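K.L.:
Compact mmCIF, C-alpha atoms, file input_26.txt:
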```txt
# COMPACT_ATOMS: atom_id res chain seq x y z
CA MET A 1 -29.43 11.16 -4.39
CA PRO A 2 -27.73 7.73 -4.63
CA HIS A 3 -24.43 7.24 -2.84
CA ALA A 4 -21.33 6.72 -4.98
CA LYS A 5 -20.09 3.15 -4.92
CA LYS A 6 -17.31 2.74 -2.39
CA GLU A 7 -13.94 1.92 -3.94
CA ASP A 8 -12.56 -1.55 -3.30
CA VAL A 9 -9.97 -1.44 -0.51
CA PHE A 10 -7.31 -3.02 -2.73
CA TYR A 11 -7.59 -0.26 -5.32
CA THR A 12 -7.35 2.35 -2.57
CA LEU A 13 -4.24 0.71 -1.11
CA LEU A 14 -2.60 0.25 -4.51
CA LYS A 15 -3.24 3.90 -5.39
CA GLU A 16 -1.66 5.00 -2.11
CA PHE A 17 1.28 2.71 -2.80
CA ALA A 18 1.74 4.02 -6.37
CA THR A 19 1.72 7.60 -5.06
CA LYS A 20 4.39 6.61 -2.55
CA VAL A 21 6.46 4.94 -5.27
CA GLU A 22 6.24 8.16 -7.30
CA SER A 23 7.34 10.39 -4.41
CA THR A 24 10.15 7.97 -3.54
CA THR A 25 11.32 8.03 -7.16
CA GLU A 26 11.33 11.84 -7.03
CA LEU A 27 13.68 11.60 -4.05
CA TYR A 28 15.80 8.98 -5.86
CA ALA A 29 16.09 11.26 -8.88
CA GLU A 30 17.03 14.23 -6.69
CA ILE A 31 19.81 12.20 -5.07
CA LEU A 32 21.26 11.01 -8.39
CA LEU A 33 20.87 14.31 -10.22
CA ASP A 34 22.47 16.39 -7.46
CA PHE A 35 25.05 13.94 -6.11
CA PRO A 36 27.29 14.44 -4.15
CA ASP A 37 25.56 17.57 -2.82
CA SER A 38 22.47 15.43 -2.18
CA TYR A 39 24.35 13.08 0.15
CA PRO A 40 22.38 14.25 3.26
CA LYS A 41 19.15 13.01 1.63
CA ILE A 42 20.27 9.37 1.56
CA PRO A 43 18.78 8.48 4.99
CA CYS A 44 15.38 9.73 3.74
CA MET A 45 15.51 7.02 1.08
CA HIS A 46 15.83 4.33 3.74
CA VAL A 47 12.77 5.75 5.53
CA CYS A 48 10.75 5.55 2.30
CA GLU A 49 11.84 1.95 1.79
CA HIS A 50 10.61 1.05 5.27
CA GLU A 51 7.29 2.82 4.68
CA CYS A 52 6.78 0.85 1.47
CA ASP A 53 7.46 -2.40 3.33
CA GLU A 54 4.65 -1.45 5.69
CA MET A 55 2.32 -0.80 2.75
CA VAL A 56 3.04 -4.28 1.38
CA LYS A 57 2.29 -5.80 4.78
CA ARG A 58 -1.05 -4.01 4.87
CA ILE A 59 -2.02 -5.24 1.40
CA MET A 60 -1.02 -8.79 2.31
CA GLY A 61 -3.04 -8.54 5.52
CA GLU A 62 -6.10 -7.48 3.53
CA LEU A 63 -5.51 -10.37 1.11
CA TYR A 64 -5.43 -12.81 4.00
CA ARG A 65 -8.80 -11.57 5.27
CA ALA A 66 -10.58 -10.99 1.95
CA PHE A 67 -13.05 -13.46 0.45
CA VAL A 68 -13.26 -11.52 -2.83
CA THR A 69 -10.59 -9.48 -4.63
CA PRO A 70 -11.08 -7.10 -7.60
CA PHE A 71 -8.88 -9.28 -9.79
CA ASP A 72 -6.96 -12.51 -9.30
CA ARG A 73 -5.60 -12.82 -5.76
CA ALA A 74 -2.18 -13.91 -6.99
CA ASP A 75 -1.98 -10.86 -9.27
CA VAL A 76 -2.80 -8.51 -6.39
CA SER A 77 0.04 -10.08 -4.41
CA SER A 78 2.44 -10.03 -7.37
CA LEU A 79 1.70 -6.37 -8.11
CA ALA A 80 2.26 -5.29 -4.50
CA LEU A 81 5.54 -7.23 -4.27
CA ALA A 82 6.71 -5.88 -7.64
CA MET A 83 6.03 -2.32 -6.49
CA ASP A 84 8.04 -3.01 -3.35
CA ASP A 85 10.90 -4.31 -5.52
CA ILE A 86 11.01 -0.97 -7.34
CA VAL A 87 11.68 0.87 -4.10
CA ASP A 88 14.05 -1.81 -2.79
CA ASP A 89 16.15 -1.48 -5.93
CA MET A 90 16.25 2.31 -5.73
CA ASP A 91 17.29 2.07 -2.10
CA GLY A 92 19.97 -0.40 -3.18
CA VAL A 93 21.42 2.12 -5.63
CA VAL A 94 21.46 4.91 -3.07
CA THR A 95 22.98 2.63 -0.42
CA ARG A 96 25.81 1.74 -2.79
CA LEU A 97 26.43 5.39 -3.62
CA ASP A 98 27.12 5.78 0.08
CA LEU A 99 29.07 2.54 0.60
CA PHE A 100 31.36 3.05 -2.40
CA ASN A 101 32.35 6.51 -1.14
CA LEU A 102 31.96 8.14 -4.55
CA ASP A 103 32.49 11.88 -4.88
CA GLU A 104 30.90 12.45 -8.29
CA THR A 105 28.16 11.10 -10.52
CA ARG A 106 28.05 10.17 -14.20
CA ARG A 107 25.94 11.39 -17.09
CA GLU A 108 24.15 8.09 -17.58
CA ALA A 109 23.21 7.89 -13.90
CA ARG A 110 21.35 11.18 -14.30
CA GLN A 111 19.70 9.91 -17.48
CA VAL A 112 18.49 6.72 -15.80
CA ALA A 113 17.17 8.73 -12.85
CA GLU A 114 15.09 10.84 -15.23
CA LEU A 115 13.78 7.72 -16.97
CA CYS A 116 12.80 6.22 -13.62
CA LEU A 117 10.91 9.38 -12.79
CA ARG A 118 9.04 9.21 -16.10
CA ALA A 119 8.20 5.56 -15.43
CA ALA A 120 6.99 6.35 -11.91
CA ARG A 121 4.65 9.06 -13.17
CA GLU A 122 3.22 6.78 -15.86
CA PHE A 123 2.88 4.04 -13.24
CA ARG A 124 0.92 6.23 -10.85
CA VAL A 125 -1.52 7.23 -13.60
CA MET A 126 -1.87 3.58 -14.62
CA ILE A 127 -2.80 2.55 -11.07
CA ASP A 128 -5.18 5.51 -10.72
CA HIS A 129 -7.10 4.13 -13.72
CA LEU A 130 -6.81 0.48 -12.64
CA PRO A 131 -10.29 0.21 -11.03
CA ASN A 132 -11.81 0.45 -14.51
CA TYR A 133 -9.16 -1.68 -16.25
CA LYS A 134 -11.72 -3.67 -18.25
CA ASN A 135 -12.98 -0.57 -20.05
CA ASP A 136 -10.31 2.12 -19.66
CA PRO A 137 -7.64 2.01 -22.41
CA VAL A 138 -5.36 4.29 -20.35
CA VAL A 139 -4.38 1.32 -18.16
CA MET A 140 -2.83 -0.67 -21.00
CA GLU A 141 -1.46 2.45 -22.70
CA LYS A 142 0.51 3.36 -19.58
CA ALA A 143 1.59 -0.23 -18.98
CA ILE A 144 3.02 -0.36 -22.51
CA ALA A 145 4.59 3.10 -22.13
CA ILE A 146 6.48 1.89 -19.06
CA GLY A 147 7.87 -1.01 -21.10
CA ASN A 148 9.06 1.47 -23.74
CA ILE A 149 10.76 3.59 -21.07
CA GLU A 150 12.50 0.45 -19.80
CA ASN A 151 13.80 -0.15 -23.33
CA GLU A 152 15.24 3.38 -23.32
CA GLY A 153 16.87 2.50 -20.01
CA ASP A 154 18.53 -0.53 -21.62
CA ASP A 155 20.06 1.73 -24.27
CA VAL A 156 21.41 4.10 -21.62
CA TYR A 157 22.77 1.15 -19.62
CA HIS A 158 24.68 -0.19 -22.63
CA THR A 159 26.07 3.26 -23.39
CA ALA A 160 27.10 3.62 -19.75
CA LEU A 161 29.04 0.36 -19.77
CA SER A 162 30.68 1.11 -23.11
CA ARG A 163 31.84 4.52 -21.95
CA LEU A 164 32.94 3.15 -18.59
CA PHE A 165 35.25 0.56 -20.15
CA HIS A 166 36.57 2.81 -22.91
CA GLU A 167 37.68 5.50 -20.51
CA ASP A 168 40.99 5.38 -18.70
CA LEU A 169 39.73 5.93 -15.17
CA LYS A 170 42.56 6.59 -12.76
CA ASP A 171 41.15 4.33 -10.05
CA PRO A 172 39.98 0.84 -11.14
CA ARG A 173 37.90 0.68 -7.97
CA CYS A 174 35.83 3.53 -9.38
CA THR A 175 35.18 1.50 -12.53
CA LEU A 176 34.05 -1.47 -10.45
CA ALA A 177 31.84 0.72 -8.27
CA TRP A 178 30.05 2.24 -11.27
CA LEU A 179 29.67 -1.17 -12.88
CA ARG A 180 27.84 -2.36 -9.78
CA LEU A 181 25.78 0.82 -9.64
CA PHE A 182 24.71 0.68 -13.27
CA ASP A 183 23.70 -2.96 -12.85
CA ARG A 184 21.52 -1.97 -9.92
CA MET A 185 20.07 1.00 -11.80
CA GLU A 186 19.07 -1.31 -14.62
CA MET A 187 17.33 -3.51 -12.05
CA CYS A 188 15.23 -0.46 -11.07
CA MET A 189 14.09 0.00 -14.64
CA ASP A 190 13.36 -3.72 -14.95
CA SER A 191 11.32 -3.60 -11.75
CA PHE A 192 9.07 -0.89 -13.15
CA ASP A 193 8.46 -3.00 -16.25
CA LYS A 194 7.83 -6.17 -14.23
CA ALA A 195 5.21 -4.36 -12.14
CA ALA A 196 3.63 -2.97 -15.30
CA GLY A 197 3.79 -6.48 -16.72
CA VAL A 198 1.52 -7.72 -13.93
CA VAL A 199 -1.03 -5.08 -14.94
CA ARG A 200 -0.68 -6.00 -18.63
CA SER A 201 -1.44 -9.59 -17.66
CA VAL A 202 -4.50 -8.57 -15.63
CA VAL A 203 -5.89 -6.61 -18.58
CA MET A 204 -5.18 -9.42 -21.06
CA LYS A 205 -6.93 -11.98 -18.87
CA SER A 206 -10.07 -9.87 -18.95
CA ALA A 207 -10.04 -9.39 -22.73
```
As structure tokens - that is how I would like this structure written.
P.N.:
Amino acid sequence: MPHAKKEDVFYTLLKEFATKVESTTELYAEILLDFPDSYPKIPCMHVCEHECDEMVKRIMGELYRAFVTPFDRADVSSLALAMDDIVDDMDGVVTRLDLFNLDETRREARQVAELCLRAAREFRVMIDHLPNYKNDPVVMEKAIAIGNIENEGDDVYHTALSRLFHEDLKDPRCTLAWLRLFDRMEMCMDSFDKAAGVVRSVVMKSA
């Protein structure tokens, strides 16, 4: 019986990374959905961010040693760094929740958290199918779906800002804090789309 072809190390590492991004996004969503009761979970987010940094280092180390990569070397690097940006931005949101000493959350923050979780799940499936990107339509379907989720995030972001500046919040510092937080949350959504954009580019180059 012939042995199954061994998966390229880069696909294996990217799949592990995408799974980690998904689990980190689950934690991110838990923190935003349950805040402030979820406050004790914030340090766990910093641990995840550090673990993702280590995953990037491993991918870059493999790139340095590899003579052949499954797709363009620069795209492998760009995808790994874009995935790291997703987690960095989520960690940035959670860090600011802590620094700004907020004692409640807002409706749109919960909505964006749920959108991020949807994007993370689509992203993980997309990367799972990536080894066969030349023939598997699921890769591009998921990459496009992530872009559509990001568009939904833009709508929520604009609603969040409109509501924030049309309400008479008692403490202007609270308005400023949420403005900064919503900006950072939008960056998270953008980061998902940028990472998916690398994959869209990889697929298009092979067409």
K.L.:
With stretch 175-191 of chain A as the partner and 12 Å as the cut-off, tabulate the residues of stretch 105-150 of chain A that qualify, each row holding the nearest pair of atoms and their distance in Å to one decimal, using all atoms listed in the file, sorted by chain and rising number, as CSV.
P.N.:
```
residue,atom,partner,partner_atom,distance
A:Thr105,CA,A:Trp178,CA,9.1
A:Arg106,CA,A:Trp178,CA,8.7
A:Arg107,CA,A:Phe182,CA,11.4
A:Glu108,CA,A:Phe182,CA,8.6
A:Ala109,CA,A:Phe182,CA,7.4
A:Arg110,CA,A:Met185,CA,10.6
A:Gln111,CA,A:Met185,CA,10.6
A:Val112,CA,A:Met185,CA,7.2
A:Ala113,CA,A:Met185,CA,8.3
A:Glu114,CA,A:Met189,CA,10.9
A:Leu115,CA,A:Met189,CA,8.1
A:Cys116,CA,A:Met189,CA,6.4
A:Leu117,CA,A:Met189,CA,10.1
A:Arg118,CA,A:Met189,CA,10.6
A:Ala119,CA,A:Met189,CA,8.1
A:Ala120,CA,A:Met189,CA,9.9
A:Phe123,CA,A:Ser191,CA,11.5
A:Ile146,CA,A:Met189,CA,9.0
A:Gly147,CA,A:Asp190,CA,8.7
A:Asn148,CA,A:Met189,CA,10.5
A:Ile149,CA,A:Met189,CA,8.1
A:Glu150,CA,A:Met189,CA,5.4
```
K.L.:
With C-alpha atoms retained, export the selected residues as a CSV table (one decimal), in the coordinates of the input.
P.N.:
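Saved the output as selection20.csv:
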```
chain,number,residue,atom,x,y,z
A,105,THR,CA,28.2,11.1,-10.5
A,106,ARG,CA,28.0,10.2,-14.2
A,107,ARG,CA,25.9,11.4,-17.1
A,108,GLU,CA,24.2,8.1,-17.6
A,109,ALA,CA,23.2,7.9,-13.9
A,110,ARG,CA,21.4,11.2,-14.3
A,111,GLN,CA,19.7,9.9,-17.5
A,112,VAL,CA,18.5,6.7,-15.8
A,113,ALA,CA,17.2,8.7,-12.8
A,114,GLU,CA,15.1,10.8,-15.2
A,115,LEU,CA,13.8,7.7,-17.0
A,116,CYS,CA,12.8,6.2,-13.6
A,117,LEU,CA,10.9,9.4,-12.8
A,118,ARG,CA,9.0,9.2,-16.1
A,119,ALA,CA,8.2,5.6,-15.4
A,120,ALA,CA,7.0,6.4,-11.9
A,123,PHE,CA,2.9,4.0,-13.2
A,146,ILE,CA,6.5,1.9,-19.1
A,147,GLY,CA,7.9,-1.0,-21.1
A,148,ASN,CA,9.1,1.5,-23.7
A,149,ILE,CA,10.8,3.6,-21.1
A,150,GLU,CA,12.5,0.4,-19.8
```
K.L.:
Can you work out the spacing between atom CA of A:Asp84 and atom CA of A:Ala160 in Å, to one decimal?
P.N.:
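Separation of atom CA of A:Asp84 and atom CA of A:Ala160: 26.0 Å.
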K.L.:
Using all atoms listed in the file, find all polymer residues with an atom at most 12 Å away from the point (-0.5, -11.5, -3.7); report them as a list in words.
P.N.:
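So the residues meeting the distance criterion are Phe10, Leu14, Val56, Lys57, Arg58, Ile59, Met60, Gly61, Glu62, Leu63, Tyr64, Ala66, Thr69, Phe71, Asp72, Arg73, Ala74, Asp75, Val76, Ser77, Ser78, Leu79, Ala80, Leu81, Ala82, Met83 and Val198 of chain A.
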K.L.:
Can you tell me how far atom CA of A:Asp85 sits from atom CA of A:Pro43, in Å to one decimal?
P.N.:
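Taking atom CA of A:Asp85 and atom CA of A:Pro43, their separation equals 18.3 Å.
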K.L.:
Take the point (1.4, 11.3, -17.1) as written in the file and pick out every residue within 12 Å of it, counting only C-alpha atoms; give the list as number ranges by chain.
P.N.:
A: 22, 117-129, 138-139, 141-143, 145-146
K.L.:
Write the selection just made, keeping C-alpha atoms, as a JSON list (two decimals), in the coordinates of the input?
P.N.:
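Okay, out_24.json is ready:
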```json
[["chain", "number", "residue", "atom", "x", "y", "z"],
["A", 22, "GLU", "CA", 6.24, 8.16, -7.30],
["A", 117, "LEU", "CA", 10.91, 9.38, -12.79],
["A", 118, "ARG", "CA", 9.04, 9.21, -16.10],
["A", 119, "ALA", "CA", 8.20, 5.56, -15.43],
["A", 120, "ALA", "CA", 6.99, 6.35, -11.91],
["A", 121, "ARG", "CA", 4.65, 9.06, -13.17],
["A", 122, "GLU", "CA", 3.22, 6.78, -15.86],
["A", 123, "PHE", "CA", 2.88, 4.04, -13.24],
["A", 124, "ARG", "CA", 0.92, 6.23, -10.85],
["A", 125, "VAL", "CA", -1.52, 7.23, -13.60],
["A", 126, "MET", "CA", -1.87, 3.58, -14.62],
["A", 127, "ILE", "CA", -2.80, 2.55, -11.07],
["A", 128, "ASP", "CA", -5.18, 5.51, -10.72],
["A", 129, "HIS", "CA", -7.10, 4.13, -13.72],
["A", 138, "VAL", "CA", -5.36, 4.29, -20.35],
["A", 139, "VAL", "CA", -4.38, 1.32, -18.16],
["A", 141, "GLU", "CA", -1.46, 2.45, -22.70],
["A", 142, "LYS", "CA", 0.51, 3.36, -19.58],
["A", 143, "ALA", "CA", 1.59, -0.23, -18.98],
["A", 145, "ALA", "CA", 4.59, 3.10, -22.13],
["A", 146, "ILE", "CA", 6.48, 1.89, -19.06]]
```
K.L.:
Which distance in Å separates atom CA of A:Ile42 and atom CA of A:Glu104, to one decimal?
P.N.:
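Between these atoms lies a distance of 14.8 Å.
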K.L.:
Would you compute an axis-aligned box for stretch 82-85 of chain A, covering every atom listed for it in the file with 6 Å of margin on each side, and report centre and edge lengths in Å to one decimal as AutoDock Vina command-line options?
P.N.:
```
--center_x 8.5 --center_y -4.1 --center_z -5.5 --size_x 16.9 --size_y 15.6 --size_z 16.3
```
K.L.:
Listing only residues of stretch 58-112 of chain A within 10 Å of stretch 46-50 of chain A, what is the closest atom pair and its distance in Å (to one decimal) for each, using all atoms listed in the file, sorted by chain and residue number ascending, as a Markdown table?
P.N.:
```
| residue | atom | partner | partner_atom | distance |
| --- | --- | --- | --- | --- |
| A:Asp84 | CA | A:Glu49 | CA | 8.1 |
| A:Asp85 | CA | A:Glu49 | CA | 9.7 |
| A:Ile86 | CA | A:Glu49 | CA | 9.6 |
| A:Val87 | CA | A:Glu49 | CA | 6.0 |
| A:Asp88 | CA | A:Glu49 | CA | 6.3 |
| A:Asp89 | CA | A:Glu49 | CA | 9.5 |
| A:Met90 | CA | A:Glu49 | CA | 8.7 |
| A:Asp91 | CA | A:His46 | CA | 6.4 |
| A:Gly92 | CA | A:His46 | CA | 9.3 |
| A:Val94 | CA | A:His46 | CA | 8.9 |
| A:Thr95 | CA | A:His46 | CA | 8.4 |
```
K.L.:
Would you kindly return, as a list in words, each protein, DNA or RNA residue with an atom no farther than 9 Å from any atom of stretch 132-136 of chain A, considering all atoms listed in the file and excluding same-chain residues fewer than 3 positions away?
P.N.:
His129, Val139, Met140, Val199, Val202, Val203, Ser206 and Ala207 of chain A
